[in-house]
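Data from my_file_34.txt: compact mmCIF, C-alpha atoms
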```txt
# COMPACT_ATOMS: atom_id res chain seq x y z
CA MET V 1 0.00 0.00 0.00
CA LEU V 2 2.92 2.35 0.69
CA ILE V 3 4.18 1.86 -2.87
CA LEU V 4 0.78 2.77 -4.31
CA TYR V 5 0.58 5.85 -2.09
CA ARG V 6 3.96 7.06 -3.27
CA ALA V 7 3.06 6.39 -6.89
CA LEU V 8 -0.07 8.53 -6.89
CA LYS V 9 -0.22 12.10 -8.14
CA PRO V 10 -0.68 14.67 -5.36
CA THR V 11 -4.24 15.37 -6.51
CA PHE V 12 -5.12 11.73 -5.95
CA ILE V 13 -3.24 11.49 -2.65
CA ASN V 14 -5.42 14.30 -1.31
CA SER V 15 -8.42 12.05 -1.84
CA LEU V 16 -6.74 8.79 -0.85
CA CYS V 17 -9.26 8.11 1.89
CA CYS V 18 -11.97 8.01 -0.75
CA TYR V 19 -10.62 4.83 -2.29
CA SER V 20 -8.69 3.24 0.54
CA ARG V 21 -10.90 0.17 0.11
CA PHE V 22 -9.36 -0.41 -3.30
CA ILE V 23 -5.87 -0.95 -1.93
CA SER V 24 -6.40 -3.43 0.86
CA PRO V 25 -8.08 -6.85 0.90
CA MET V 26 -11.86 -6.61 1.20
CA THR V 27 -14.68 -8.90 2.18
CA ASP V 28 -17.52 -6.51 1.44
CA THR V 29 -19.73 -8.18 -1.16
CA ASN V 30 -21.58 -4.92 -1.84
CA PHE V 31 -18.50 -3.20 -3.18
CA LYS V 32 -19.09 0.11 -4.93
CA PRO V 33 -16.60 2.80 -5.91
CA LEU V 34 -16.45 5.44 -3.20
CA CYS V 35 -15.42 8.21 -5.54
CA THR V 36 -14.99 9.14 -9.15
CA LEU V 37 -11.46 10.12 -10.08
CA THR V 38 -11.51 13.69 -11.33
CA PRO V 39 -9.68 14.21 -14.62
CA ASN V 40 -6.37 15.96 -14.10
CA VAL V 41 -5.44 16.66 -17.68
CA GLU V 42 -1.85 17.72 -18.25
CA PRO V 43 -0.55 19.44 -21.39
CA SER V 44 -0.28 17.04 -24.30
CA THR V 45 3.16 15.86 -25.39
CA ILE V 46 1.95 15.10 -28.89
CA ASP V 47 3.63 17.03 -31.70
CA SER V 48 0.89 19.14 -33.25
CA SER V 49 2.51 18.77 -36.68
CA ASN V 50 1.75 15.06 -36.54
CA HIS V 51 -0.99 13.89 -34.19
CA THR V 52 -3.09 16.06 -31.94
CA ALA V 53 -4.48 14.64 -28.72
CA SER V 54 -6.32 17.70 -27.47
CA PRO V 55 -7.28 17.31 -23.79
CA THR V 56 -10.78 18.59 -24.56
CA ARG V 57 -11.27 15.68 -26.94
CA VAL V 58 -10.15 12.95 -24.56
CA GLN V 59 -11.32 14.18 -21.16
CA SER V 60 -14.95 13.15 -21.63
CA THR V 61 -15.64 9.45 -22.09
CA PRO V 62 -17.78 8.82 -25.20
CA GLU V 63 -21.16 7.29 -24.52
CA ILE V 64 -20.35 4.21 -26.55
CA GLU V 65 -17.48 3.37 -24.20
CA LYS V 66 -19.59 3.99 -21.12
CA LYS V 67 -22.33 1.71 -22.42
CA TYR V 68 -20.48 -0.99 -24.34
CA VAL V 69 -17.25 -1.17 -22.34
CA HIS V 70 -17.62 0.15 -18.79
CA ARG V 71 -21.14 -1.08 -18.04
CA VAL V 72 -20.59 -4.38 -19.79
CA TYR V 73 -17.39 -5.31 -17.94
CA ASP V 74 -18.94 -4.34 -14.62
CA ALA V 75 -21.84 -6.69 -15.39
CA ILE V 76 -19.79 -9.66 -16.61
CA ALA V 77 -16.78 -9.25 -14.27
CA PRO V 78 -17.05 -12.48 -12.22
CA HIS V 79 -17.63 -14.68 -15.28
CA PHE V 80 -15.04 -12.81 -17.34
CA SER V 81 -12.50 -13.22 -14.55
CA SER V 82 -13.14 -16.97 -14.34
CA THR V 83 -12.03 -17.30 -17.97
CA ARG V 84 -8.94 -15.12 -17.64
CA PHE V 85 -6.13 -17.10 -16.06
CA ALA V 86 -3.73 -18.10 -18.88
CA LYS V 87 -0.80 -15.71 -19.36
CA TRP V 88 0.26 -14.73 -22.85
CA PRO V 89 3.85 -15.98 -23.31
CA LYS V 90 5.08 -12.71 -24.84
CA VAL V 91 3.72 -10.67 -21.93
CA ALA V 92 5.13 -13.13 -19.41
CA ALA V 93 8.52 -13.00 -21.12
CA PHE V 94 8.51 -9.18 -21.02
CA LEU V 95 7.68 -9.07 -17.32
CA SER V 96 10.18 -11.80 -16.49
CA SER V 97 12.93 -9.86 -18.27
CA LEU V 98 12.61 -6.83 -15.98
CA ALA V 99 15.30 -6.15 -13.40
CA SER V 100 14.75 -7.22 -9.81
CA GLY V 101 13.02 -4.51 -7.82
CA SER V 102 11.31 -2.92 -10.85
CA LEU V 103 7.98 -1.18 -10.31
CA VAL V 104 5.44 -2.21 -12.97
CA LEU V 105 2.26 -0.22 -13.67
CA ASP V 106 -0.55 -2.24 -15.28
CA ALA V 107 -3.10 0.07 -16.93
CA GLY V 108 -6.27 -1.91 -17.53
CA CYS V 109 -5.30 -4.77 -15.24
CA GLY V 110 -8.64 -6.59 -15.48
CA ASN V 111 -8.74 -9.39 -12.91
CA GLY V 112 -5.05 -8.90 -12.16
CA LYS V 113 -3.68 -12.01 -13.84
CA TYR V 114 -0.37 -10.27 -14.61
CA LEU V 115 -0.02 -8.53 -11.24
CA GLY V 116 2.78 -10.26 -9.36
CA LEU V 117 3.75 -12.47 -12.29
CA ASN V 118 7.43 -11.63 -11.67
CA PRO V 119 7.91 -12.16 -7.92
CA ASP V 120 11.05 -10.00 -7.98
CA CYS V 121 9.08 -6.92 -9.10
CA PHE V 122 6.46 -4.68 -7.53
CA PHE V 123 3.11 -4.26 -9.30
CA ILE V 124 0.39 -1.61 -9.18
CA GLY V 125 -2.78 -1.97 -11.26
CA CYS V 126 -5.75 0.11 -12.31
CA ASP V 127 -8.87 -0.50 -14.35
CA ILE V 128 -12.00 1.44 -15.24
CA SER V 129 -14.19 -1.41 -13.95
CA SER V 130 -14.81 -1.24 -10.21
CA SER V 131 -16.11 -4.82 -10.33
CA LEU V 132 -12.81 -6.10 -11.72
CA ILE V 133 -10.86 -3.95 -9.28
CA LYS V 134 -12.76 -5.56 -6.42
CA ILE V 135 -11.63 -8.97 -7.67
CA CYS V 136 -8.01 -7.75 -7.77
CA SER V 137 -8.23 -6.23 -4.32
CA ASP V 138 -9.75 -9.38 -2.86
CA ARG V 139 -6.65 -11.18 -4.16
CA GLY V 140 -4.41 -8.79 -2.26
CA HIS V 141 -3.19 -6.65 -5.18
CA GLU V 142 -2.51 -2.90 -4.95
CA VAL V 143 -5.09 -1.46 -7.32
CA LEU V 144 -7.55 1.37 -7.85
CA VAL V 145 -10.18 2.50 -10.31
CA ALA V 146 -8.82 4.84 -12.99
CA ASP V 147 -9.16 5.71 -16.66
CA ALA V 148 -6.46 4.68 -19.14
CA VAL V 149 -6.43 8.20 -20.63
CA ASN V 150 -5.86 9.82 -17.22
CA LEU V 151 -3.58 7.61 -15.14
CA PRO V 152 -3.32 8.73 -11.50
CA TYR V 153 0.40 7.97 -11.20
CA ARG V 154 3.25 10.42 -10.82
CA THR V 155 5.33 11.24 -13.88
CA GLY V 156 8.42 9.07 -14.25
CA PHE V 157 7.63 6.83 -11.29
CA GLY V 158 7.50 3.33 -12.79
CA ASP V 159 10.24 1.24 -14.35
CA ALA V 160 7.81 -0.33 -16.82
CA ALA V 161 4.16 -0.16 -17.81
CA ILE V 162 1.86 -2.57 -19.61
CA SER V 163 -1.45 -2.14 -21.39
CA ILE V 164 -2.80 -5.54 -22.37
CA ALA V 165 -5.90 -5.63 -24.58
CA VAL V 166 -7.10 -2.17 -23.52
CA LEU V 167 -6.54 0.38 -26.31
CA HIS V 168 -8.94 -1.40 -28.67
CA HIS V 169 -11.78 -0.42 -26.29
CA LEU V 170 -11.08 3.31 -26.83
CA SER V 171 -13.35 4.70 -29.51
CA THR V 172 -11.35 7.57 -31.00
CA GLU V 173 -7.82 7.99 -32.26
CA TYR V 174 -7.31 10.93 -29.90
CA ARG V 175 -8.09 8.75 -26.87
CA ARG V 176 -5.79 5.96 -28.09
CA ILE V 177 -2.93 8.42 -28.54
CA ARG V 178 -3.60 9.93 -25.13
CA ALA V 179 -3.54 6.49 -23.49
CA ILE V 180 -0.12 5.82 -25.03
CA GLU V 181 1.08 9.25 -23.87
CA GLU V 182 0.02 8.40 -20.34
CA LEU V 183 1.82 5.06 -20.35
CA VAL V 184 4.99 6.80 -21.48
CA ARG V 185 4.57 9.63 -18.98
CA VAL V 186 4.40 7.39 -15.93
CA VAL V 187 7.64 5.49 -16.59
CA LYS V 188 11.19 6.70 -15.99
CA LYS V 189 13.69 7.59 -18.68
CA GLY V 190 14.92 4.26 -19.98
CA GLY V 191 11.67 2.59 -18.89
CA TYR V 192 9.72 0.27 -21.16
CA VAL V 193 6.06 0.11 -22.20
CA LEU V 194 4.37 -2.98 -23.63
CA ILE V 195 1.05 -2.52 -25.46
CA THR V 196 -1.11 -5.21 -27.06
CA VAL V 197 -4.31 -4.78 -29.07
CA TRP V 198 -6.61 -7.02 -31.06
CA ALA V 199 -5.65 -7.25 -34.72
CA LYS V 200 -7.83 -6.87 -37.77
CA GLU V 201 -5.76 -9.71 -39.21
CA GLN V 202 -7.19 -12.43 -36.96
CA GLU V 203 -5.43 -15.76 -36.76
CA HIS V 204 -8.78 -17.55 -37.00
CA ARG V 205 -10.88 -15.69 -39.55
CA SER V 206 -14.00 -17.62 -38.54
CA LEU V 207 -14.08 -15.60 -35.31
CA ILE V 208 -14.91 -12.42 -37.20
CA SER V 209 -18.12 -13.96 -38.50
CA LYS V 210 -19.36 -14.05 -34.91
CA TRP V 211 -18.82 -10.32 -34.45
CA THR V 212 -21.26 -7.59 -35.39
CA PRO V 213 -19.86 -4.80 -37.58
CA LEU V 214 -20.65 -1.48 -35.98
CA PRO V 215 -24.13 -0.27 -37.00
CA GLU V 216 -24.21 2.86 -39.11
CA LYS V 217 -26.13 4.75 -36.42
CA TYR V 218 -23.02 4.92 -34.25
CA VAL V 219 -21.04 6.44 -37.09
CA GLU V 220 -23.71 9.08 -37.53
CA GLU V 221 -24.80 9.66 -33.92
CA GLU V 222 -21.84 8.83 -31.68
CA TRP V 223 -18.73 9.77 -33.63
CA ILE V 224 -19.25 12.97 -35.56
CA GLY V 225 -16.18 15.18 -35.64
CA PRO V 226 -12.38 14.89 -35.61
CA GLY V 227 -10.93 11.80 -34.04
CA SER V 228 -13.79 9.49 -34.89
CA PRO V 229 -12.72 6.06 -36.10
CA ARG V 230 -14.31 6.70 -39.50
CA ALA V 231 -13.44 10.33 -40.11
CA ARG V 232 -10.00 11.73 -40.82
CA PRO V 233 -9.08 15.26 -39.68
CA ALA V 234 -10.17 18.03 -42.04
CA ALA V 235 -12.17 15.64 -44.16
CA SER V 236 -15.79 14.70 -44.70
CA PRO V 237 -17.06 11.93 -42.40
CA LEU V 238 -16.51 9.13 -44.89
CA PRO V 239 -15.91 5.60 -43.65
CA LEU V 240 -12.25 4.64 -43.65
CA THR V 241 -13.25 1.85 -45.98
CA SER V 242 -14.08 4.28 -48.75
CA ILE V 243 -10.84 6.22 -49.24
CA PRO V 244 -7.34 4.94 -48.40
CA GLU V 245 -5.63 7.35 -46.00
CA ASN V 246 -2.71 7.88 -48.39
CA GLU V 247 -4.89 8.88 -51.32
CA GLU V 248 -5.91 12.39 -50.32
CA SER V 249 -6.50 14.45 -53.41
CA SER V 250 -6.32 18.14 -54.10
CA SER V 251 -7.72 17.76 -57.58
CA GLY V 252 -11.15 19.23 -58.24
CA GLN V 253 -12.14 16.28 -60.41
CA ASP V 254 -11.09 13.78 -57.77
CA LYS V 255 -13.09 15.70 -55.18
CA LYS V 256 -16.12 15.66 -57.47
CA ASP V 257 -15.73 11.92 -57.98
CA CYS V 258 -15.50 11.50 -54.22
CA ASP V 259 -18.61 13.63 -53.63
CA ASP V 260 -20.50 11.77 -56.34
CA GLY V 261 -19.75 8.49 -54.63
CA LEU V 262 -20.63 9.73 -51.17
CA LYS V 263 -24.36 9.21 -51.54
CA LEU V 264 -23.88 5.63 -52.68
CA LEU V 265 -21.44 4.90 -49.86
CA ARG V 266 -23.84 6.27 -47.27
CA ASP V 267 -26.54 3.93 -48.56
CA LEU V 268 -24.32 0.89 -48.05
CA LYS V 269 -24.76 -1.05 -44.83
CA VAL V 270 -21.66 -1.38 -42.70
CA GLU V 271 -22.44 -5.08 -42.45
CA ASP V 272 -21.89 -5.45 -46.22
CA ASN V 273 -18.40 -4.00 -46.12
CA VAL V 274 -16.57 -6.31 -43.76
CA GLU V 275 -13.24 -6.57 -45.57
CA ASN V 276 -11.96 -3.24 -44.27
CA GLN V 277 -14.16 -3.06 -41.21
CA GLN V 278 -12.42 -2.13 -37.95
CA GLU V 279 -15.30 -1.30 -35.58
CA TYR V 280 -17.16 -4.24 -34.05
CA PHE V 281 -19.43 -5.37 -31.29
CA VAL V 282 -17.91 -8.57 -29.90
CA PRO V 283 -20.42 -10.66 -27.93
CA TRP V 284 -19.95 -12.01 -24.44
CA HIS V 285 -22.28 -14.86 -23.50
CA LEU V 286 -23.04 -14.77 -19.79
CA PRO V 287 -24.68 -18.09 -18.81
CA TYR V 288 -28.06 -17.76 -17.13
CA HIS V 289 -26.77 -19.33 -13.92
CA ARG V 290 -23.97 -16.72 -13.77
CA ALA V 291 -26.27 -13.88 -14.76
CA GLU V 292 -28.45 -14.59 -11.73
CA ILE V 293 -25.56 -13.71 -9.45
CA SER V 294 -25.81 -10.06 -10.38
CA GLY V 295 -28.91 -7.90 -10.69
CA ALA V 296 -27.05 -5.97 -13.37
CA SER V 297 -28.14 -8.50 -15.98
CA ALA V 298 -31.85 -8.04 -15.31
CA GLN V 299 -31.37 -4.30 -15.58
CA ALA V 300 -29.32 -4.70 -18.76
CA LEU V 301 -32.06 -6.80 -20.37
CA ALA V 302 -34.70 -4.28 -19.39
CA SER V 303 -32.70 -1.36 -20.75
CA GLY V 304 -31.70 -3.12 -23.98
CA LEU V 305 -27.99 -3.26 -23.13
CA ALA V 306 -28.14 -7.06 -23.30
CA THR V 307 -30.28 -9.65 -25.06
CA ARG V 308 -31.35 -13.22 -24.28
CA ASP V 309 -30.13 -16.23 -26.24
CA ASP V 310 -32.36 -19.08 -25.07
CA LYS V 311 -30.66 -21.59 -27.38
CA LYS V 312 -27.35 -21.01 -25.60
CA GLY V 313 -28.94 -20.25 -22.24
CA ALA V 314 -27.13 -16.95 -21.92
CA VAL V 315 -27.48 -13.23 -21.59
CA VAL V 316 -25.54 -11.68 -24.47
CA TYR V 317 -23.61 -8.46 -23.98
CA ASN V 318 -21.88 -6.58 -26.81
CA ARG V 319 -18.41 -5.14 -26.17
CA TYR V 320 -17.05 -2.36 -28.38
CA TYR V 321 -13.76 -3.09 -30.17
CA HIS V 322 -11.66 -1.14 -32.64
CA VAL V 323 -9.45 -3.81 -34.22
CA PHE V 324 -6.06 -2.52 -35.35
CA SER V 325 -4.64 -2.91 -38.84
CA GLU V 326 -0.95 -3.63 -39.43
CA GLY V 327 1.21 -0.61 -38.57
CA GLU V 328 -1.64 1.34 -36.99
CA LEU V 329 -0.50 0.93 -33.39
CA GLU V 330 3.05 1.99 -34.27
CA SER V 331 1.75 5.02 -36.19
CA LEU V 332 0.02 6.35 -33.06
CA THR V 333 3.45 6.82 -31.45
CA THR V 334 5.03 8.83 -34.25
CA GLY V 335 4.13 12.20 -32.73
CA ILE V 336 5.43 11.35 -29.26
CA ASN V 337 8.91 12.85 -29.15
CA ASN V 338 10.33 11.07 -26.11
CA VAL V 339 9.88 7.43 -27.12
CA ARG V 340 11.27 4.96 -29.61
CA VAL V 341 9.91 1.66 -30.82
CA VAL V 342 12.22 -1.18 -29.76
CA ASP V 343 10.06 -4.08 -30.93
CA LYS V 344 6.80 -4.80 -32.73
CA PHE V 345 5.27 -8.17 -33.49
CA PHE V 346 2.11 -10.15 -34.21
CA ASP V 347 1.13 -12.65 -31.54
CA LYS V 348 -2.00 -14.80 -31.40
CA SER V 349 -4.24 -12.36 -33.29
CA ASN V 350 -2.77 -9.35 -31.48
CA TRP V 351 -0.51 -6.53 -32.60
CA CYS V 352 2.10 -5.82 -29.94
CA ILE V 353 4.61 -3.04 -29.49
CA ILE V 354 7.39 -2.30 -26.98
CA LEU V 355 8.43 1.32 -26.44
CA GLU V 356 11.37 2.83 -24.60
CA LYS V 357 11.19 6.27 -23.00
CA ILE V 358 14.30 8.10 -24.14
CA SER V 359 13.94 11.45 -22.37
```
Represent the structure of the file as structure tokens.
Amino acid sequence: MLILYRALKPTFINSLCCYSRFISPMTDTNFKPLCTLTPNVEPSTIDSSNHTASPTRVQSTPEIEKKYVHRVYDAIAPHFSSTRFAKWPKVAAFLSSLASGSLVLDAGCGNGKYLGLNPDCFFIGCDISSSLIKICSDRGHEVLVADAVNLPYRTGFGDAAISIAVLHHLSTEYRRIRAIEELVRVVKKGGYVLITVWAKEQEHRSLISKWTPLPEKYVEEEWIGPGSPRARPAASPLPLTSIPENEESSSGQDKKDCDDGLKLLRDLKVEDNVENQQEYFVPWHLPYHRAEISGASAQALASGLATRDDKKGAVVYNRYYHVFSEGELESLTTGINNVRVVDKFFDKSNWCIILEKIS
């Protein structure tokens, strides 16, 4: 607990009593977060000539993340945790390679399966889901509830940081860049950051057929404006599938051709254009006998957040994912001046990257 206290920003230390229950073992079965961490946005380190992660664009959590990430994981946490015990070899190898005594910050720690993996290191975790944080705390881990785009840790405090299967739940490019900035900020000079995300290039293509391409209404209603997954800066809100990013045209004829095709493209269903699709709802089947444990499922069914699948005997929740194309994760780091890419690889349907903080 002392390590966690020292790691926190002063603004969070001032309110430490509010979440003291997150950092010691608990037996309270009616666990609820005692406070909401107030955003403490610092100036962006992104080079404005490249990417722009404006604080005003990342400070507020988009509704689609609140509904299809935060609420879903809170509802499925016990069942989700019961399926999350195997460690990915690449992540285990990274953690095992760290020097004895290293402090590791796990942003998006889930049920804490990587916390304490290297017994010679110290681990601190955070996650947006209070239900998952309760599971971690009950296991004796030092954890707290926090947002990946606003980590509560002091600058340059950790020796390493990991973000395992988290960034693909962030719904705009600005928020993904900001999350990477935060991971870099909290480690020391010479510290390393490991990030993994789901890949568009899935190892088992049959899996994609079980996912639901993002309905058009979310493109139109949820993500209008810069930073949306389907709109490039200073461009019309065309789906990424319609115009390759490297084919911007200044020609009047090309623009006319583009405008002429816009009406047709808008009439196409997202479901019919799967080849270049990157936004999905990925289902989680919560068995009826597990759903009964939590009243959240009854509420989710009533509100439309979840549906029933009587054939499988499950309550079905949809989780939002942005699956990453090759090179996309690396490209998000190009405007961050104080890091370098030391490794990048594809592993079990995930794109992975290791960064080093150089200043």
Hey, can you check how far atom CA of V:Lys200 sits from atom CA of V:Leu117?
-> 28.5 Å
Might you pull out every residue within 6 Å of V:Cys121, with all atoms listed in the file counted and same-chain residues fewer than 3 positions away left off, and present them as a PyMOL selection string?
-> chain V and resi 100-103+118
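Summary of the local environment: counting all atoms listed in the file, residues at most 9 Å from V:Phe85, other than itself and those fewer than 4 positions away along its chain, are V:Ser81, V:Asn111, V:Lys113.
Closest approach to V:Asp159 among V:Leu183, V:Ile208, V:Ala296, V:Ile128: V:Leu183, based on all atoms listed in the file.
Atom CA of V:Glu173 sits 25.0 Å away from atom CA of V:Arg205.
If you measure from each of V:Glu201, V:Ala302, V:Pro119, V:Arg71 to V:Asp347 using all atoms listed in the file, the closest one turns out to be V:Glu201.
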Around all of stretch 144-161 of chain V's listed atoms, make the axis-aligned box with 4 Å on each side and tell me centre and edge lengths in Å to one decimal, as AutoDock Vina command-line options.
```
--center_x 0.0 --center_y 5.5 --center_z -14.2 --size_x 28.4 --size_y 19.6 --size_z 20.8
```
Please, what distance in Å, to one decimal, runs between atom CA of V:Arg185 and atom CA of V:Lys357?
-> 8.4 Å
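Using only C-alpha atoms, the contacts of stretch 327-332 of chain V at a cut-off of 10 Å, with sequence neighbours closer than 6 positions omitted, comprise V:Ile46, V:Asn50, V:His51, V:Leu167, V:His168, V:Glu173, V:Tyr174, V:Arg176, V:Ile177, V:Arg178, V:Ile180, V:Glu181, V:Ile195, V:Thr196, V:Val197, V:Ala199, V:Arg340, V:Val341, V:Asp343, V:Lys344, V:Phe345, V:Trp351, V:Cys352, V:Ile353, V:Ile354, V:Leu355.
Excluding V:Gln278 itself and same-chain residues fewer than 6 positions from it, the residues having an atom within 7 Å of it are Lys200, His322, Val323 and Phe324 of chain V, counting all atoms listed in the file.
For V:Gly191, the list of residues within 9 Å, based on all atoms listed in the file and with local chain neighbours fewer than 4 positions off taken out, reads Gly156, Gly158, Asp159, Ala160, Ala161, Val184, Val187, Leu355, Glu356, Lys357 and Ile358 of chain V.
Distances to V:Ala7 were evaluated for V:Tyr68, V:Phe122, V:Trp88, V:Trp211 using only C-alpha atoms, and the minimum falls at V:Phe122.
Nearest residue to V:Pro287, choosing from V:Ile76, V:Ile64, V:Leu2, V:Cys126 and counting all atoms listed in the file: V:Ile76.
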